[in-house]
Amino acid sequence: MSKIIKALIKKELEHIKQDRSILIIAFILPLILIFIYGYGLNLDINNIKIALSCKQNDSNCSQLYYQLQGSEYFEITQINPYSQAQSAFNQDLVAAVIFIDEHNRHLIYINAASSQKGFIIENYIKTALNLYYAKLNNTQAINIVVHNRYNEANLSAYFLIPGQLVGIITLISTFMSSLLIAREYDRNTILFLKSANLKASDIIIAKLIPYFIISFLGSLLCILIALILFELPFRGSILIFIISLIIYVFMANCLGLLISVIVKNQFLASEYAIIISLLPSLLLSGAIFDLKAAASPIYYLSYLIPPRYAVSAIKMCFLSDANYLTILFNDFILLIVSAIFLAICNRQLHKDLH
């Protein structure tokens with residue numbers, strides 16, 4: 001090996017020693033992804049919360065309740081009257097309602113926003129009912145009527161595309177704003193900002209406004225195209241949807257700006273923006289996989305991921321016309337996260353300018 005090659009290798013090793021982020025990408029990031037993929041991506045459905053409601057609360061209804069209660073797949077709750085069970089269903093406290101009316105019809109209402117989950121829940125319930133009546137030697141055919149709510153067409157696109165839109169919005173907004181302050185450091189124009197005695201807050205506002213407008217318009221265009229091409233339903237309030245979109249785009253821009261201020265390098269900032277924004281928005285937000293089926297650490301960790309709240313709000317606007325309080329609560333959390341990001345950005349930039 002020549003002296004030149006040895007010198008170049010030594011130089012690269014010194015660079016790696018100085019830039020520890022390379023080691024993080026090489027060794028820590030794969031471990032994190034293995035953990036997320038292994039425990040977070042779970043297509044099994046367990047502990048399905050189901051409400052059982054009977055028009056006539058007789059012994060047969062009680063026996064059915066205890067039969068379903070013994071299943072590893074269900075968390076069964078008996079709720080009477082039916083109006084309370086329907087209210088629990090509308091608030092997403094239960095995934096399905098089994099209602100036995102006065103004619104002994106078994107009406108099953110399923111939250112089928114996720115077509116796969118709705119199909120599995122329907123099969124679980126039908127199998128459990130047939131096994132129960134088979135044990136009773138009931139030769140009479142059971143009248144079972146299934147109603148899929150929020151996704152009557154049972155199309156996976158209705159569940160997946162609203163979540164994917166959040167991922168796209170997160171990536172675009174975070175990536176663009178991650179270059180804003182880092183560009184000033186790379187070009188040494190940060191020195192001009194420092195000599196002009198500008199406030200950190202003024203710089204942040206001036207940077208955010210144009211990129212926020214661009215991000216919002218791009219996101220709006222993306223959503224309109226998705227609505228037209230895939231014929232997605234939209235059942236919520238347009239006003240609340242626009243408010244939610246504005247708040248989330250603003251939060252994503254604040255996240256990108258925070259990355260930009262901390263990293264201070266355009267190339268690294270863009271890498272971190274992709275990793276930090278895209279992966280959590282796809283894997284830990286409930287955009288693709290049902291988080292209730294994930295391991296407990298992953299499920300509770302997802303509450304720290306802002307895209308989770310955006311996915312919940314946007315899916316409700318697309319597929320349901322209720323739960324406006326839940327949507328506004330999610331928006332409030334995103335506003336708090338945005339304020340935290342801005343406060344950290346302002347403090348760090350103020351420190352760099354003085």
# chains A, B, ... in the order shown; residues from 1 in each chain; ligands from 1
call {"tool": "select_by_dssp", "arguments": {"residues": "region 88-303 of chain A", "states": "strand (DSSP E)", "output": "ChimeraX atom specification"}}
result
/A:96-100,106-111,144-149
call {"tool": "closest_atom_pairs", "arguments": {"of": "region 150-259 of chain A", "to": "region 268-279 of chain A", "cutoff": "12 Å", "atoms": "only C-alpha atoms", "output": "CSV"}}
result
residue,atom,partner,partner_atom,distance
A:Gly163,CA,A:Leu278,CA,11.9
A:Gln164,CA,A:Leu278,CA,10.1
A:Leu165,CA,A:Leu278,CA,11.3
A:Val166,CA,A:Leu278,CA,9.5
A:Gly167,CA,A:Leu278,CA,6.0
A:Ile168,CA,A:Leu278,CA,7.8
A:Ile169,CA,A:Leu278,CA,9.4
A:Thr170,CA,A:Ser277,CA,5.9
A:Leu171,CA,A:Leu278,CA,5.6
A:Ile172,CA,A:Ile274,CA,9.1
A:Ser173,CA,A:Ser277,CA,9.2
A:Thr174,CA,A:Ala273,CA,6.0
A:Phe175,CA,A:Ala273,CA,5.4
A:Met176,CA,A:Ser270,CA,8.2
A:Ser177,CA,A:Ala273,CA,9.0
A:Ser178,CA,A:Ala269,CA,5.8
A:Leu179,CA,A:Ala269,CA,6.6
A:Leu180,CA,A:Ala269,CA,9.7
A:Ile181,CA,A:Ala269,CA,9.7
A:Ala182,CA,A:Ala269,CA,7.2
A:Arg183,CA,A:Ala269,CA,9.7
A:Tyr185,CA,A:Ala269,CA,11.6
A:Asp186,CA,A:Leu268,CA,11.3
A:Met251,CA,A:Ser277,CA,11.3
A:Ala252,CA,A:Ser277,CA,8.2
A:Asn253,CA,A:Ala273,CA,10.5
A:Cys254,CA,A:Ala273,CA,11.5
A:Leu255,CA,A:Ala273,CA,8.4
A:Gly256,CA,A:Ala273,CA,6.4
A:Leu257,CA,A:Ala269,CA,9.5
A:Leu258,CA,A:Ala269,CA,9.7
A:Ile259,CA,A:Ala269,CA,6.1
call {"tool": "write_last_selection", "arguments": {"atoms": "N, CA and C atoms", "output": "CSV table (one decimal), in the first residue's frame"}}
result
chain,number,residue,atom,x,y,z
A,163,GLY,N,-52.9,8.5,5.5
A,163,GLY,CA,-51.7,8.3,6.3
A,163,GLY,C,-50.4,8.6,5.5
A,164,GLN,N,-50.4,8.2,4.3
A,164,GLN,CA,-49.2,8.4,3.4
A,164,GLN,C,-49.1,9.9,3.1
A,165,LEU,N,-50.2,10.6,3.0
A,165,LEU,CA,-50.2,12.0,2.7
A,165,LEU,C,-49.5,12.7,3.9
A,166,VAL,N,-49.7,12.3,5.1
A,166,VAL,CA,-49.0,12.9,6.2
A,166,VAL,C,-47.5,12.6,6.1
A,167,GLY,N,-47.1,11.4,5.6
A,167,GLY,CA,-45.6,11.2,5.4
A,167,GLY,C,-45.0,12.1,4.4
A,168,ILE,N,-45.8,12.3,3.3
A,168,ILE,CA,-45.3,13.2,2.2
A,168,ILE,C,-45.2,14.6,2.7
A,169,ILE,N,-46.2,15.1,3.4
A,169,ILE,CA,-46.2,16.4,3.9
A,169,ILE,C,-45.0,16.6,4.9
A,170,THR,N,-44.8,15.6,5.8
A,170,THR,CA,-43.7,15.7,6.7
A,170,THR,C,-42.4,15.8,6.0
A,171,LEU,N,-42.1,15.0,5.1
A,171,LEU,CA,-40.9,14.9,4.3
A,171,LEU,C,-40.6,16.2,3.6
A,172,ILE,N,-41.6,16.7,2.8
A,172,ILE,CA,-41.4,17.9,2.1
A,172,ILE,C,-41.1,19.1,3.0
A,173,SER,N,-42.0,19.3,4.0
A,173,SER,CA,-41.8,20.5,4.8
A,173,SER,C,-40.6,20.5,5.6
A,174,THR,N,-40.2,19.3,6.2
A,174,THR,CA,-39.1,19.2,7.1
A,174,THR,C,-37.8,19.3,6.2
A,175,PHE,N,-37.8,18.7,5.1
A,175,PHE,CA,-36.6,18.7,4.2
A,175,PHE,C,-36.2,20.1,3.8
A,176,MET,N,-37.2,20.9,3.3
A,176,MET,CA,-37.0,22.2,2.8
A,176,MET,C,-36.5,23.1,3.9
A,177,SER,N,-37.1,23.1,5.1
A,177,SER,CA,-36.7,24.0,6.1
A,177,SER,C,-35.5,23.6,6.8
A,178,SER,N,-35.0,22.3,6.6
A,178,SER,CA,-33.8,21.9,7.3
A,178,SER,C,-32.5,22.6,6.7
A,179,LEU,N,-32.7,23.2,5.5
A,179,LEU,CA,-31.6,23.8,4.8
A,179,LEU,C,-31.4,25.3,5.1
A,180,LEU,N,-32.4,25.9,5.8
A,180,LEU,CA,-32.5,27.3,5.9
A,180,LEU,C,-31.3,27.9,6.6
A,181,ILE,N,-31.1,27.5,7.9
A,181,ILE,CA,-30.0,28.1,8.7
A,181,ILE,C,-28.7,27.4,8.3
A,182,ALA,N,-28.7,26.1,8.0
A,182,ALA,CA,-27.5,25.4,7.7
A,182,ALA,C,-26.9,26.0,6.4
A,183,ARG,N,-27.7,26.6,5.5
A,183,ARG,CA,-27.1,27.2,4.3
A,183,ARG,C,-26.3,28.5,4.7
A,185,TYR,N,-24.6,28.9,7.5
A,185,TYR,CA,-23.4,28.5,8.1
A,185,TYR,C,-22.4,28.0,7.0
A,186,ASP,N,-22.9,27.2,6.0
A,186,ASP,CA,-22.1,26.7,4.9
A,186,ASP,C,-21.5,27.8,4.1
A,251,MET,N,-45.7,22.8,12.1
A,251,MET,CA,-44.9,22.0,13.0
A,251,MET,C,-43.7,21.3,12.3
A,252,ALA,N,-44.0,20.8,11.1
A,252,ALA,CA,-43.0,20.1,10.3
A,252,ALA,C,-41.9,21.1,9.9
A,253,ASN,N,-42.3,22.3,9.6
A,253,ASN,CA,-41.3,23.4,9.2
A,253,ASN,C,-40.4,23.7,10.5
A,254,CYS,N,-41.1,23.8,11.6
A,254,CYS,CA,-40.3,24.1,12.8
A,254,CYS,C,-39.3,23.0,13.1
A,255,LEU,N,-39.7,21.7,12.9
A,255,LEU,CA,-38.8,20.6,13.1
A,255,LEU,C,-37.6,20.7,12.2
A,256,GLY,N,-37.8,21.0,10.9
A,256,GLY,CA,-36.7,21.2,9.9
A,256,GLY,C,-35.8,22.3,10.3
A,257,LEU,N,-36.4,23.4,10.8
A,257,LEU,CA,-35.6,24.6,11.2
A,257,LEU,C,-34.7,24.2,12.5
A,258,LEU,N,-35.3,23.4,13.4
A,258,LEU,CA,-34.5,22.9,14.5
A,258,LEU,C,-33.4,22.1,14.1
A,259,ILE,N,-33.6,21.2,13.2
A,259,ILE,CA,-32.5,20.4,12.6
A,259,ILE,C,-31.4,21.3,12.0
call {"tool": "closest_residue", "arguments": {"among": "A:Gln63, A:Leu239, A:Asp92, A:Cys54", "to": "Asn80 (chain A)", "atoms": "only C-alpha atoms"}}
result
A:Cys54
call {"tool": "atom_distance", "arguments": {"atom1": "CA of Arg235 (chain A)", "atom2": "CA of Ser338 (chain A)"}}
result
27.6 Å
call {"tool": "closest_residue", "arguments": {"among": "A:Ile76, A:Ala339, A:Val249, A:Cys61", "to": "Asn104 (chain A)", "atoms": "only C-alpha atoms"}}
result
A:Cys61
call {"tool": "atom_distance", "arguments": {"atom1": "CA of Leu349 (chain A)", "atom2": "CA of Pro307 (chain A)"}}
result
25.7 Å
call {"tool": "select_by_dssp", "arguments": {"residues": "region 125-294 of chain A", "states": "alpha helix (DSSP H)", "output": "NGL selection string"}}
result
:A and (125-135 or 156-177 or 180-186 or 190-195 or 200-230 or 238-263 or 266-283)
call {"tool": "write_last_selection", "arguments": {"atoms": "C-alpha atoms", "output": "CSV table (one decimal), in the first residue's frame"}}
result
chain,number,residue,atom,x,y,z
A,125,ILE,CA,-66.6,-12.5,15.4
A,126,LYS,CA,-68.4,-14.7,12.9
A,127,THR,CA,-66.2,-17.7,13.9
A,128,ALA,CA,-66.8,-17.1,17.6
A,129,LEU,CA,-70.6,-16.8,17.1
A,130,ASN,CA,-70.8,-20.0,15.0
A,131,LEU,CA,-68.6,-21.9,17.6
A,132,TYR,CA,-70.8,-20.7,20.4
A,133,TYR,CA,-74.1,-21.7,18.8
A,134,ALA,CA,-72.6,-25.0,17.7
A,135,LYS,CA,-71.8,-25.9,21.3
A,156,SER,CA,-57.3,-0.3,1.6
A,157,ALA,CA,-56.6,3.0,-0.2
A,158,TYR,CA,-59.1,4.7,2.0
A,159,PHE,CA,-57.0,3.8,5.1
A,160,LEU,CA,-53.5,4.0,3.6
A,161,ILE,CA,-53.5,7.1,1.5
A,162,PRO,CA,-54.5,9.7,4.2
A,163,GLY,CA,-51.7,8.3,6.3
A,164,GLN,CA,-49.2,8.4,3.4
A,165,LEU,CA,-50.2,12.0,2.7
A,166,VAL,CA,-49.0,12.9,6.2
A,167,GLY,CA,-45.6,11.2,5.4
A,168,ILE,CA,-45.3,13.2,2.2
A,169,ILE,CA,-46.2,16.4,3.9
A,170,THR,CA,-43.7,15.7,6.7
A,171,LEU,CA,-40.9,14.9,4.3
A,172,ILE,CA,-41.4,17.9,2.1
A,173,SER,CA,-41.8,20.5,4.8
A,174,THR,CA,-39.1,19.2,7.1
A,175,PHE,CA,-36.6,18.7,4.2
A,176,MET,CA,-37.0,22.2,2.8
A,177,SER,CA,-36.7,24.0,6.1
A,180,LEU,CA,-32.5,27.3,5.9
A,181,ILE,CA,-30.0,28.1,8.7
A,182,ALA,CA,-27.5,25.4,7.7
A,183,ARG,CA,-27.1,27.2,4.3
A,184,GLU,CA,-26.1,30.4,6.2
A,185,TYR,CA,-23.4,28.5,8.1
A,186,ASP,CA,-22.1,26.7,4.9
A,190,ILE,CA,-24.1,33.9,9.2
A,191,LEU,CA,-21.3,36.4,9.9
A,192,PHE,CA,-23.3,39.1,8.0
A,193,LEU,CA,-26.4,38.3,10.1
A,194,LYS,CA,-24.3,38.5,13.2
A,195,SER,CA,-22.7,41.8,12.3
A,200,ALA,CA,-32.8,35.5,16.4
A,201,SER,CA,-36.6,35.6,16.5
A,202,ASP,CA,-36.6,38.0,13.5
A,203,ILE,CA,-34.4,35.7,11.4
A,204,ILE,CA,-36.6,32.6,12.3
A,205,ILE,CA,-39.8,34.4,11.3
A,206,ALA,CA,-38.3,35.7,8.1
A,207,LYS,CA,-37.1,32.2,7.2
A,208,LEU,CA,-40.3,30.4,8.2
A,209,ILE,CA,-42.9,32.5,6.5
A,210,PRO,CA,-42.1,31.9,2.8
A,211,TYR,CA,-41.2,28.2,3.2
A,212,PHE,CA,-44.4,27.7,5.3
A,213,ILE,CA,-46.5,29.1,2.5
A,214,ILE,CA,-44.8,27.0,-0.1
A,215,SER,CA,-45.1,23.9,2.0
A,216,PHE,CA,-48.7,24.5,2.7
A,217,LEU,CA,-49.6,25.1,-0.9
A,218,GLY,CA,-47.7,22.0,-2.0
A,219,SER,CA,-49.4,19.9,0.6
A,220,LEU,CA,-52.8,21.2,-0.4
A,221,LEU,CA,-52.1,20.4,-4.1
A,222,CYS,CA,-51.0,16.9,-3.1
A,223,ILE,CA,-54.2,16.3,-1.1
A,224,LEU,CA,-56.4,17.6,-3.9
A,225,ILE,CA,-54.7,15.3,-6.4
A,226,ALA,CA,-55.1,12.3,-4.1
A,227,LEU,CA,-58.8,13.1,-3.6
A,228,ILE,CA,-59.4,13.3,-7.4
A,229,LEU,CA,-57.2,10.3,-8.5
A,230,PHE,CA,-58.2,7.9,-5.8
A,238,ILE,CA,-63.3,21.4,5.6
A,239,LEU,CA,-62.5,24.2,8.1
A,240,ILE,CA,-61.2,21.9,10.8
A,241,PHE,CA,-59.2,20.0,8.1
A,242,ILE,CA,-57.6,23.2,6.9
A,243,ILE,CA,-56.8,24.2,10.5
A,244,SER,CA,-55.2,20.8,11.2
A,245,LEU,CA,-53.2,20.9,7.9
A,246,ILE,CA,-51.9,24.5,8.7
A,247,ILE,CA,-50.8,23.5,12.2
A,248,TYR,CA,-49.1,20.3,11.1
A,249,VAL,CA,-47.2,21.9,8.2
A,250,PHE,CA,-46.1,24.6,10.6
A,251,MET,CA,-44.9,22.0,13.0
A,252,ALA,CA,-43.0,20.1,10.3
A,253,ASN,CA,-41.3,23.4,9.2
A,254,CYS,CA,-40.3,24.1,12.8
A,255,LEU,CA,-38.8,20.6,13.1
A,256,GLY,CA,-36.7,21.2,9.9
A,257,LEU,CA,-35.6,24.6,11.2
A,258,LEU,CA,-34.5,22.9,14.5
A,259,ILE,CA,-32.5,20.4,12.6
A,260,SER,CA,-30.9,23.2,10.6
A,261,VAL,CA,-29.9,25.2,13.6
A,262,ILE,CA,-28.4,22.3,15.5
A,263,VAL,CA,-26.6,20.5,12.6
A,266,GLN,CA,-26.7,21.4,4.6
A,267,PHE,CA,-25.7,17.8,3.7
A,268,LEU,CA,-26.1,16.4,7.2
A,269,ALA,CA,-29.2,18.5,7.8
A,270,SER,CA,-30.9,17.0,4.7
A,271,GLU,CA,-29.9,13.5,5.8
A,272,TYR,CA,-31.2,13.9,9.3
A,273,ALA,CA,-34.4,15.5,8.0
A,274,ILE,CA,-35.2,12.5,5.8
A,275,ILE,CA,-34.4,10.0,8.6
A,276,ILE,CA,-36.2,11.9,11.4
A,277,SER,CA,-39.2,12.9,9.4
A,278,LEU,CA,-40.0,10.1,7.0
A,279,LEU,CA,-39.4,6.9,9.1
A,280,PRO,CA,-41.4,7.9,12.2
A,281,SER,CA,-44.2,9.3,10.1
A,282,LEU,CA,-44.5,5.9,8.3
A,283,LEU,CA,-43.7,3.4,11.0
